[in-house]
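Visitor: So that you have it, the file is my_file.txt, and it contains compact mmCIF, C-alpha atoms:
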# COMPACT_ATOMS: atom_id res chain seq x y z
CA MET A 1 17.01 173.15 -13.75
CA MET A 2 18.04 170.29 -11.44
CA LYS A 3 18.03 172.70 -8.50
CA ARG A 4 14.39 173.70 -9.23
CA ILE A 5 13.29 170.05 -9.41
CA LEU A 6 14.95 169.28 -6.06
CA THR A 7 13.30 172.33 -4.49
CA LEU A 8 9.85 171.30 -5.80
CA CYS A 9 10.28 167.73 -4.44
CA ALA A 10 11.24 169.13 -1.06
CA LEU A 11 8.11 171.32 -0.97
CA LEU A 12 5.83 168.38 -1.95
CA GLY A 13 7.38 166.21 0.77
CA ALA A 14 6.75 168.90 3.40
CA VAL A 15 3.08 169.32 2.36
CA THR A 16 2.49 165.53 2.39
CA THR A 17 4.00 165.25 5.87
CA GLY A 18 1.72 168.03 7.10
CA PHE A 19 -1.41 166.32 5.79
CA ALA A 20 -0.33 163.01 7.30
CA GLN A 21 0.08 164.64 10.71
CA THR A 22 -3.38 166.22 10.38
CA ASP A 23 -5.01 162.84 9.54
CA THR A 24 -3.48 161.08 12.56
CA THR A 25 -4.83 163.68 14.92
CA ALA A 26 -8.29 163.90 13.27
CA LYS A 27 -11.24 162.34 15.04
CA GLN A 28 -11.86 158.82 13.74
CA MET A 29 -15.40 157.72 13.04
CA PRO A 30 -16.57 154.53 14.78
CA ASP A 31 -17.12 151.31 12.79
CA THR A 32 -20.69 149.97 12.91
CA ILE A 33 -21.60 146.33 12.29
CA LYS A 34 -25.15 144.88 12.39
CA ILE A 35 -25.50 141.16 13.15
CA GLY A 36 -29.03 139.77 13.48
CA GLY A 37 -30.69 141.51 16.40
CA MET A 38 -27.49 143.28 17.58
CA ILE A 39 -25.51 146.36 16.57
CA ILE A 40 -21.76 146.35 17.36
CA ILE A 41 -20.03 149.78 17.42
CA ARG A 42 -16.23 149.87 17.49
CA GLU A 43 -14.91 153.19 18.75
CA PRO A 44 -11.39 154.60 19.10
CA GLY A 45 -9.89 153.71 22.49
CA LYS A 46 -8.80 156.26 25.07
CA GLU A 47 -5.17 157.14 25.66
CA GLY A 48 -3.38 154.47 27.58
CA GLU A 49 -5.77 151.65 26.62
CA THR A 50 -4.05 148.50 25.48
CA GLU A 51 -6.40 148.11 22.55
CA ASN A 52 -6.77 150.93 20.08
CA LYS A 53 -10.55 150.27 19.72
CA ARG A 54 -13.31 149.39 22.12
CA GLU A 55 -16.63 147.74 21.33
CA ARG A 56 -20.14 148.61 22.40
CA ILE A 57 -22.99 146.17 21.74
CA PHE A 58 -26.62 147.21 21.48
CA ARG A 59 -29.58 144.88 21.11
CA ILE A 60 -32.26 145.97 18.69
CA SER A 61 -35.61 146.08 20.42
CA ARG A 62 -38.09 143.55 18.98
CA ARG A 63 -40.68 146.28 19.22
CA ASN A 64 -38.78 148.30 16.63
CA ALA A 65 -37.31 145.42 14.63
CA ASP A 66 -40.42 143.34 13.96
CA LYS A 67 -43.61 144.95 12.75
CA PRO A 68 -46.71 142.76 13.17
CA SER A 69 -47.95 141.12 9.99
CA ASN A 70 -51.56 141.29 8.86
CA VAL A 71 -51.92 137.51 9.19
CA SER A 72 -50.02 135.54 11.83
CA THR A 73 -50.26 131.79 12.48
CA ASN A 74 -49.66 129.87 15.70
CA TRP A 75 -49.18 126.08 15.43
CA TRP A 76 -49.91 123.36 17.98
CA ILE A 77 -51.52 125.14 20.93
CA LEU A 78 -52.23 123.16 24.11
CA ASP A 79 -54.99 123.78 26.67
CA LEU A 80 -54.92 122.18 30.12
CA GLY A 81 -57.91 122.71 32.38
CA PHE A 82 -61.02 121.37 34.06
CA ALA A 83 -64.32 120.14 32.61
CA ASN A 84 -67.70 120.21 34.30
CA TYR A 85 -71.37 120.78 33.52
CA ASN A 86 -74.25 122.77 34.92
CA ASP A 87 -76.94 120.26 35.88
CA GLN A 88 -80.43 121.77 35.47
CA THR A 89 -82.19 118.44 34.95
CA ASN A 90 -85.69 118.04 36.33
CA TYR A 91 -85.30 114.49 37.63
CA ALA A 92 -89.02 114.28 38.44
CA ASP A 93 -89.82 114.72 34.75
CA ALA A 94 -90.81 111.66 32.73
CA ALA A 95 -88.10 112.35 30.09
CA ALA A 96 -85.32 112.19 32.71
CA GLN A 97 -86.74 109.04 34.29
CA ALA A 98 -87.02 107.42 30.87
CA ILE A 99 -83.24 107.63 30.30
CA ALA A 100 -82.19 107.27 33.97
CA PRO A 101 -84.88 105.39 35.95
CA GLY A 102 -84.82 106.22 39.65
CA SER A 103 -82.21 108.98 39.18
CA ASN A 104 -81.88 112.16 41.24
CA GLU A 105 -79.54 115.20 41.35
CA ASP A 106 -76.80 113.18 43.11
CA TRP A 107 -76.41 110.52 40.45
CA LEU A 108 -74.29 112.41 37.90
CA LYS A 109 -72.25 114.66 40.19
CA LEU A 110 -68.64 114.97 39.07
CA ARG A 111 -65.31 114.93 40.83
CA PRO A 112 -64.21 118.53 40.03
CA GLY A 113 -60.48 117.93 40.49
CA LYS A 114 -60.47 114.82 38.31
CA SER A 115 -62.74 115.93 35.46
CA ARG A 116 -60.38 117.44 32.92
CA SER A 117 -60.31 119.37 29.67
CA VAL A 118 -57.40 118.91 27.24
CA ASN A 119 -57.53 120.75 23.93
CA VAL A 120 -55.02 120.42 21.10
CA TRP A 121 -55.35 123.18 18.50
CA ILE A 122 -53.62 122.30 15.24
CA PHE A 123 -53.36 125.98 14.39
CA MET A 124 -54.84 129.39 15.17
CA GLN A 125 -54.61 132.45 12.96
CA ARG A 126 -54.98 136.13 13.76
CA LEU A 127 -56.20 138.42 10.97
CA ASN A 128 -55.70 142.17 11.35
CA VAL A 129 -58.95 144.15 11.25
CA ALA A 130 -58.02 147.54 12.73
CA LYS A 131 -54.43 148.64 13.48
CA HIS A 132 -53.53 145.17 14.79
CA ILE A 133 -55.50 145.99 17.93
CA VAL A 134 -58.76 144.49 16.69
CA ASN A 135 -58.31 141.10 15.00
CA LEU A 136 -60.30 138.12 13.83
CA LYS A 137 -59.00 134.93 15.44
CA TYR A 138 -59.90 131.43 14.25
CA GLY A 139 -58.50 127.92 14.16
CA VAL A 140 -59.19 124.17 14.25
CA GLY A 141 -58.40 121.49 16.79
CA LEU A 142 -59.55 118.74 19.13
CA GLU A 143 -61.45 119.14 22.41
CA LEU A 144 -60.98 116.18 24.76
CA ASN A 145 -63.29 116.19 27.80
CA ASN A 146 -63.25 113.60 30.61
CA TYR A 147 -66.08 113.59 33.18
CA HIS A 148 -65.26 111.53 36.30
CA PHE A 149 -68.29 110.57 38.38
CA GLU A 150 -68.35 110.75 42.18
CA ASP A 151 -70.67 107.73 42.16
CA LYS A 152 -68.56 105.03 40.49
CA SER A 153 -71.53 102.68 40.11
CA ILE A 154 -73.03 104.75 37.24
CA ARG A 155 -73.38 102.65 34.09
CA PHE A 156 -74.22 103.78 30.52
CA SER A 157 -75.94 101.29 28.22
CA LYS A 158 -76.68 101.83 24.53
CA ASN A 159 -79.40 100.93 22.01
CA PRO A 160 -81.41 102.38 23.71
CA THR A 161 -79.44 104.65 26.03
CA LEU A 162 -80.05 103.88 29.70
CA ILE A 163 -78.25 105.09 32.82
CA ASP A 164 -78.38 102.99 36.00
CA LYS A 165 -76.28 101.96 38.96
CA GLY A 166 -75.13 98.64 37.60
CA TYR A 167 -71.42 98.69 38.48
CA THR A 168 -69.77 97.64 41.74
CA ASP A 169 -66.22 97.89 43.12
CA LEU A 170 -64.90 100.26 40.45
CA SER A 171 -61.78 102.35 41.08
CA LYS A 172 -62.42 104.63 38.06
CA ASN A 173 -65.54 105.59 36.15
CA LYS A 174 -65.62 108.37 33.55
CA LEU A 175 -67.47 109.52 30.45
CA ALA A 176 -65.27 110.85 27.62
CA ALA A 177 -66.50 113.13 24.82
CA ASP A 178 -64.14 114.27 22.06
CA TYR A 179 -64.92 116.96 19.48
CA LEU A 180 -63.38 118.31 16.30
CA THR A 181 -63.84 122.04 16.89
CA VAL A 182 -63.55 125.31 14.98
CA PRO A 183 -63.48 128.49 17.14
CA VAL A 184 -64.05 132.00 15.73
CA MET A 185 -63.34 134.97 18.00
CA LEU A 186 -62.93 138.72 17.96
CA ASN A 187 -59.52 139.45 19.43
CA PHE A 188 -58.43 142.68 21.15
CA ASN A 189 -54.63 142.95 21.42
CA PHE A 190 -53.56 146.03 23.38
CA THR A 191 -49.82 145.43 22.76
CA PRO A 192 -49.62 144.53 19.04
CA GLU A 193 -45.86 145.14 18.81
CA ARG A 194 -45.06 142.62 21.52
CA ARG A 195 -44.80 138.90 21.00
CA ARG A 196 -46.40 138.22 24.41
CA SER A 197 -49.64 140.10 24.08
CA PHE A 198 -52.01 141.63 26.61
CA GLY A 199 -55.68 141.45 25.65
CA PHE A 200 -58.68 139.18 25.36
CA SER A 201 -60.80 137.30 22.81
CA ALA A 202 -64.47 136.35 22.72
CA GLY A 203 -66.61 134.42 20.25
CA ILE A 204 -68.21 131.07 19.53
CA SER A 205 -67.12 127.58 18.51
CA ALA A 206 -68.70 124.66 16.67
CA GLY A 207 -67.64 121.15 17.65
CA TYR A 208 -68.49 117.80 16.05
CA LEU A 209 -68.59 114.74 18.34
CA TYR A 210 -66.31 112.17 16.69
CA SER A 211 -65.77 109.87 19.69
CA SER A 212 -67.52 109.12 23.01
CA ARG A 213 -67.14 106.28 25.49
CA GLN A 214 -67.43 105.24 29.11
CA LYS A 215 -64.18 104.04 30.62
CA ILE A 216 -64.15 101.98 33.81
CA LYS A 217 -61.40 100.41 35.88
CA ALA A 218 -61.76 97.54 38.36
CA ASP A 219 -59.02 95.40 39.93
CA GLY A 220 -56.46 96.92 37.57
CA ASP A 221 -58.43 95.96 34.46
CA VAL A 222 -59.63 98.75 32.14
CA ASP A 223 -62.73 98.41 29.98
CA LYS A 224 -64.28 100.81 27.45
CA VAL A 225 -67.86 100.94 26.28
CA LYS A 226 -68.10 102.97 23.06
CA GLY A 227 -71.34 104.69 22.08
CA THR A 228 -73.00 108.05 21.53
CA PHE A 229 -75.29 107.62 24.60
CA ASP A 230 -77.66 110.23 23.10
CA LEU A 231 -74.97 112.92 23.23
CA ARG A 232 -75.51 115.73 20.73
CA LYS A 233 -73.48 115.35 17.56
CA TRP A 234 -72.87 119.12 17.43
CA LYS A 235 -71.81 121.30 20.34
CA MET A 236 -72.08 125.07 20.00
CA SER A 237 -70.29 127.06 22.71
CA TYR A 238 -69.38 130.54 23.82
CA VAL A 239 -65.58 130.73 24.00
CA GLY A 240 -63.10 133.24 25.35
CA GLU A 241 -59.50 133.76 26.38
CA VAL A 242 -57.46 136.28 28.37
CA SER A 243 -53.80 136.99 27.53
CA LEU A 244 -51.62 138.41 30.31
CA GLY A 245 -48.21 138.14 28.68
CA VAL A 246 -46.89 134.68 29.48
CA VAL A 247 -50.08 133.65 31.32
CA LYS A 248 -53.07 132.79 29.13
CA LEU A 249 -56.49 131.59 30.32
CA TYR A 250 -59.32 130.04 28.30
CA GLY A 251 -62.92 129.09 28.91
CA SER A 252 -66.03 127.78 27.15
CA TYR A 253 -69.72 127.40 27.93
CA ALA A 254 -72.09 125.42 25.68
CA PHE A 255 -75.33 126.83 24.32
CA LYS A 256 -77.37 123.87 25.56
CA SER A 257 -77.26 120.42 27.16
CA MET A 258 -74.71 117.88 25.95
CA PHE A 259 -77.54 115.30 25.79
CA GLU A 260 -80.25 115.38 23.14
CA LYS A 261 -83.05 114.39 25.51
CA GLY A 262 -83.90 113.66 29.12
CA LEU A 263 -80.87 115.23 30.83
CA ASP A 264 -80.10 118.95 30.97
CA LEU A 265 -76.32 119.00 31.50
CA THR A 266 -74.65 122.08 29.98
CA PRO A 267 -70.86 121.57 29.72
CA TYR A 268 -68.22 124.21 30.43
CA THR A 269 -64.43 124.31 30.70
CA VAL A 270 -61.77 126.60 32.14
CA GLY A 271 -57.98 126.39 32.28
CA PHE A 272 -54.56 127.52 31.06
CA ARG A 273 -53.48 127.92 27.44
CA ILE A 274 -49.91 127.20 26.30
CA SER A 275 -49.34 129.36 23.24
CA SER A 276 -46.56 131.47 21.67
CA TRP A 277 -48.91 134.48 21.29
Output the file's structure as structure tokens, nothing else.
Guide:
Amino acid sequence: MMKRILTLCALLGAVTTGFAQTDTTAKQMPDTIKIGGMIIIREPGKEGETENKRERIFRISRRNADKPSNVSTNWWILDLGFANYNDQTNYADAAAQAIAPGSNEDWLKLRPGKSRSVNVWIFMQRLNVAKHIVNLKYGVGLELNNYHFEDKSIRFSKNPTLIDKGYTDLSKNKLAADYLTVPVMLNFNFTPERRRSFGFSAGISAGYLYSSRQKIKADGDVDKVKGTFDLRKWKMSYVGEVSLGVVKLYGSYAFKSMFEKGLDLTPYTVGFRISSW
């Protein structure tokens, strides 16, 4: 009986040794670890390598990892550009002479390089309409326009509004008009799976004039004259933007003159947009 038990133990030991040898020579499967946007694969090392495993790291493409959501929000967008207006005023007309006696087409010419547009958009949202390629884009923000005059003697008076050449020896003379604005655009995004999109948007905006003033500077002293100066309280504009990846351009052109009467000055802007999408 004891002899049979010893023989059986010997046979079991031989079988176990055989399986162990088979397992050590079998092909080992690599270990896979996913961390954030990376996949780390640890594979068996080749013969002679000091480490028995080697690592390969793959980055997960954002295109595959992040699917666009139906509603996306972009906070605090900044526009930096230039402001100007298209002057179609008939200075021979009685209405123009009533607000600016003796004026002509040279009076209100601007300094193009100095007249600036700065827009601060609190947020903009993009709502999917068709396969994330066609979207509705809207937001709210502030439009800050500064019009620097070539002729620094231009003076704005209020109650009633009059424009004359009453200033002398000024180093700076500008008219500022600030609006609370809501743009609504139809957006075409040709690369919806990319964060930096390629496409364009077009639509309209409605802006409410909440502040306007003339700012002058003479001998280092700055003075501000606040008033509406017969500027329209509401400004309706055509708006658009072009997205070329990192580079984004914007522009606007108002429906009508920025003044309610007398002067036909239609404002427009163009510049660069700093935005995450």
Visitor: Using all atoms listed in the file, can you tell me which of A:Ile133, A:Leu231, A:Val120, A:Leu170 comes closest to Val182 (chain A)?
Guide: A:Val120
Visitor: Name the closest residue to Val270 (chain A) among the candidates A:Phe198, A:Tyr208, A:Phe229, A:Tyr250; distances are taken between atoms, counting all atoms listed in the file.
Guide: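 Closest to Val270 (chain A) of all the choices is A:Tyr250.
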Visitor: How many Å separate CA of Val222 (chain A) from CA of Arg111 (chain A)?
Guide: 19.2 Å
Visitor: Pick out the residues sitting within 8 Å of Ile77 (chain A), and hand them over as a list in words; count all atoms listed in the file, and ignore anything fewer than 5 positions along from it in its own chain.
Guide: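 Neighbouring residues, sequence-local ones excluded: Val120, Trp121, Ile122, Phe123, Met124, Arg273, Ile274 and Ser275 of chain A.
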Visitor: Please produce an output containing C-alpha atoms for each residue in the selection, written as a PDB file, in the coordinates of the input.
Guide:
ATOM      1  CA  VAL A 120     -55.020 120.420  21.100  1.00  0.00           C
ATOM      2  CA  TRP A 121     -55.350 123.180  18.500  1.00  0.00           C
ATOM      3  CA  ILE A 122     -53.620 122.300  15.240  1.00  0.00           C
ATOM      4  CA  PHE A 123     -53.360 125.980  14.390  1.00  0.00           C
ATOM      5  CA  MET A 124     -54.840 129.390  15.170  1.00  0.00           C
ATOM      6  CA  ARG A 273     -53.480 127.920  27.440  1.00  0.00           C
ATOM      7  CA  ILE A 274     -49.910 127.200  26.300  1.00  0.00           C
ATOM      8  CA  SER A 275     -49.340 129.360  23.240  1.00  0.00           C
TER       9      SER A 275
END
Visitor: Mind giving me the straight-line distance from CA of Ala177 (chain A) to CA of Gly113 (chain A) in Å, one decimal?
Guide: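 Computing the Euclidean distance for CA of Ala177 (chain A) and CA of Gly113 (chain A) yields 17.5 Å.
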Visitor: Work out how far CA of Gly262 (chain A) is from CA of Ala95 (chain A), in Å to one decimal.
Guide: 4.5 Å
Visitor: List every protein, DNA or RNA residue that has at least one atom no more than 12 Å from (-57.4, 97.2, 36.8) in the file's coordinates, counting only C-alpha atoms, and write the result as JSON, numbers by chain.
Guide: {"A": [169, 170, 171, 172, 173, 215, 216, 217, 218, 219, 220, 221, 222, 223]}
Visitor: Could you tell me which of A:Leu180, A:Leu162, A:Val247, A:Val129 comes closest to Lys235 (chain A) if we count all atoms listed in the file?
Guide: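 Ranked by minimum distance to Lys235 (chain A), first place goes to A:Leu180.
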Visitor: For Leu265 (chain A), please output as a PDB file with C-alpha atoms, keeping the file's coordinate frame all residues within 7 Å (counting only C-alpha atoms; exclusion window: fewer than 6 positions along the same chain).
Guide:
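Result file is part.pdb:
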ATOM      1  CA  TYR A  85     -71.370 120.780  33.520  1.00  0.00           C
ATOM      2  CA  ASN A  86     -74.250 122.770  34.920  1.00  0.00           C
ATOM      3  CA  ASP A  87     -76.940 120.260  35.880  1.00  0.00           C
ATOM      4  CA  GLN A  88     -80.430 121.770  35.470  1.00  0.00           C
ATOM      5  CA  THR A  89     -82.190 118.440  34.950  1.00  0.00           C
ATOM      6  CA  SER A 257     -77.260 120.420  27.160  1.00  0.00           C
ATOM      7  CA  MET A 258     -74.710 117.880  25.950  1.00  0.00           C
ATOM      8  CA  PHE A 259     -77.540 115.300  25.790  1.00  0.00           C
TER       9      PHE A 259
END
Visitor: May I ask which of the residues A:Arg194, A:Arg116, A:Lys137, A:His132 is the closest one to Glu241 (chain A), counting all atoms listed in the file?
Guide: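 The shortest atom-to-atom distance to Glu241 (chain A) comes from A:Lys137.
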Visitor: Write out as a PyMOL selection string each polymer residue whose atoms come within 10 Å of Asn159 (chain A), counting only C-alpha atoms; drop sequence neighbours fewer than 2 positions from it.
Guide: chain A and resi 157+161-162+227-230
Visitor: Which one of A:Gly102, A:Gly240, A:Gly207, A:Gly139 sits closest to Tyr179 (chain A) if you count only C-alpha atoms?
Guide: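 Of the candidates, the smallest distance to Tyr179 (chain A) is held by A:Gly207.
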Visitor: Excluding Ile204 (chain A) and its own-chain neighbours fewer than 6 positions away, which residues fall within 12 Å of it when counting all atoms listed in the file? Please give them as a ChimeraX atom specification.
Guide: /A:137-139,181-186,235-241,251-255
Visitor: Around all the atoms of region 242-254 of chain A listed in the file, draw an axis-aligned box and extend it by 3 Å on each of the six sides; I want its centre and edge lengths in Å to one decimal, as AutoDock Vina command-line options.
Guide:
--center_x -59.5 --center_y 131.9 --center_z 28.5 --size_x 31.2 --size_y 19.0 --size_z 11.6
Visitor: Can you work out which one of A:Asn189, A:Ser153, A:Ser243, A:Ser201 has the shortest atom-to-atom distance to Leu108 (chain A), counting all atoms listed in the file?
Guide: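 Comparing A:Asn189, A:Ser153, A:Ser243, A:Ser201 against Leu108 (chain A), the winner is A:Ser153.
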Visitor: Is it possible to get the residues within 6 Å of (-48.5, 135.2, 20.3) (coordinates as in the file, counting only C-alpha atoms) written as JSON, numbers by chain?
Guide: {"A": [195, 196, 276, 277]}
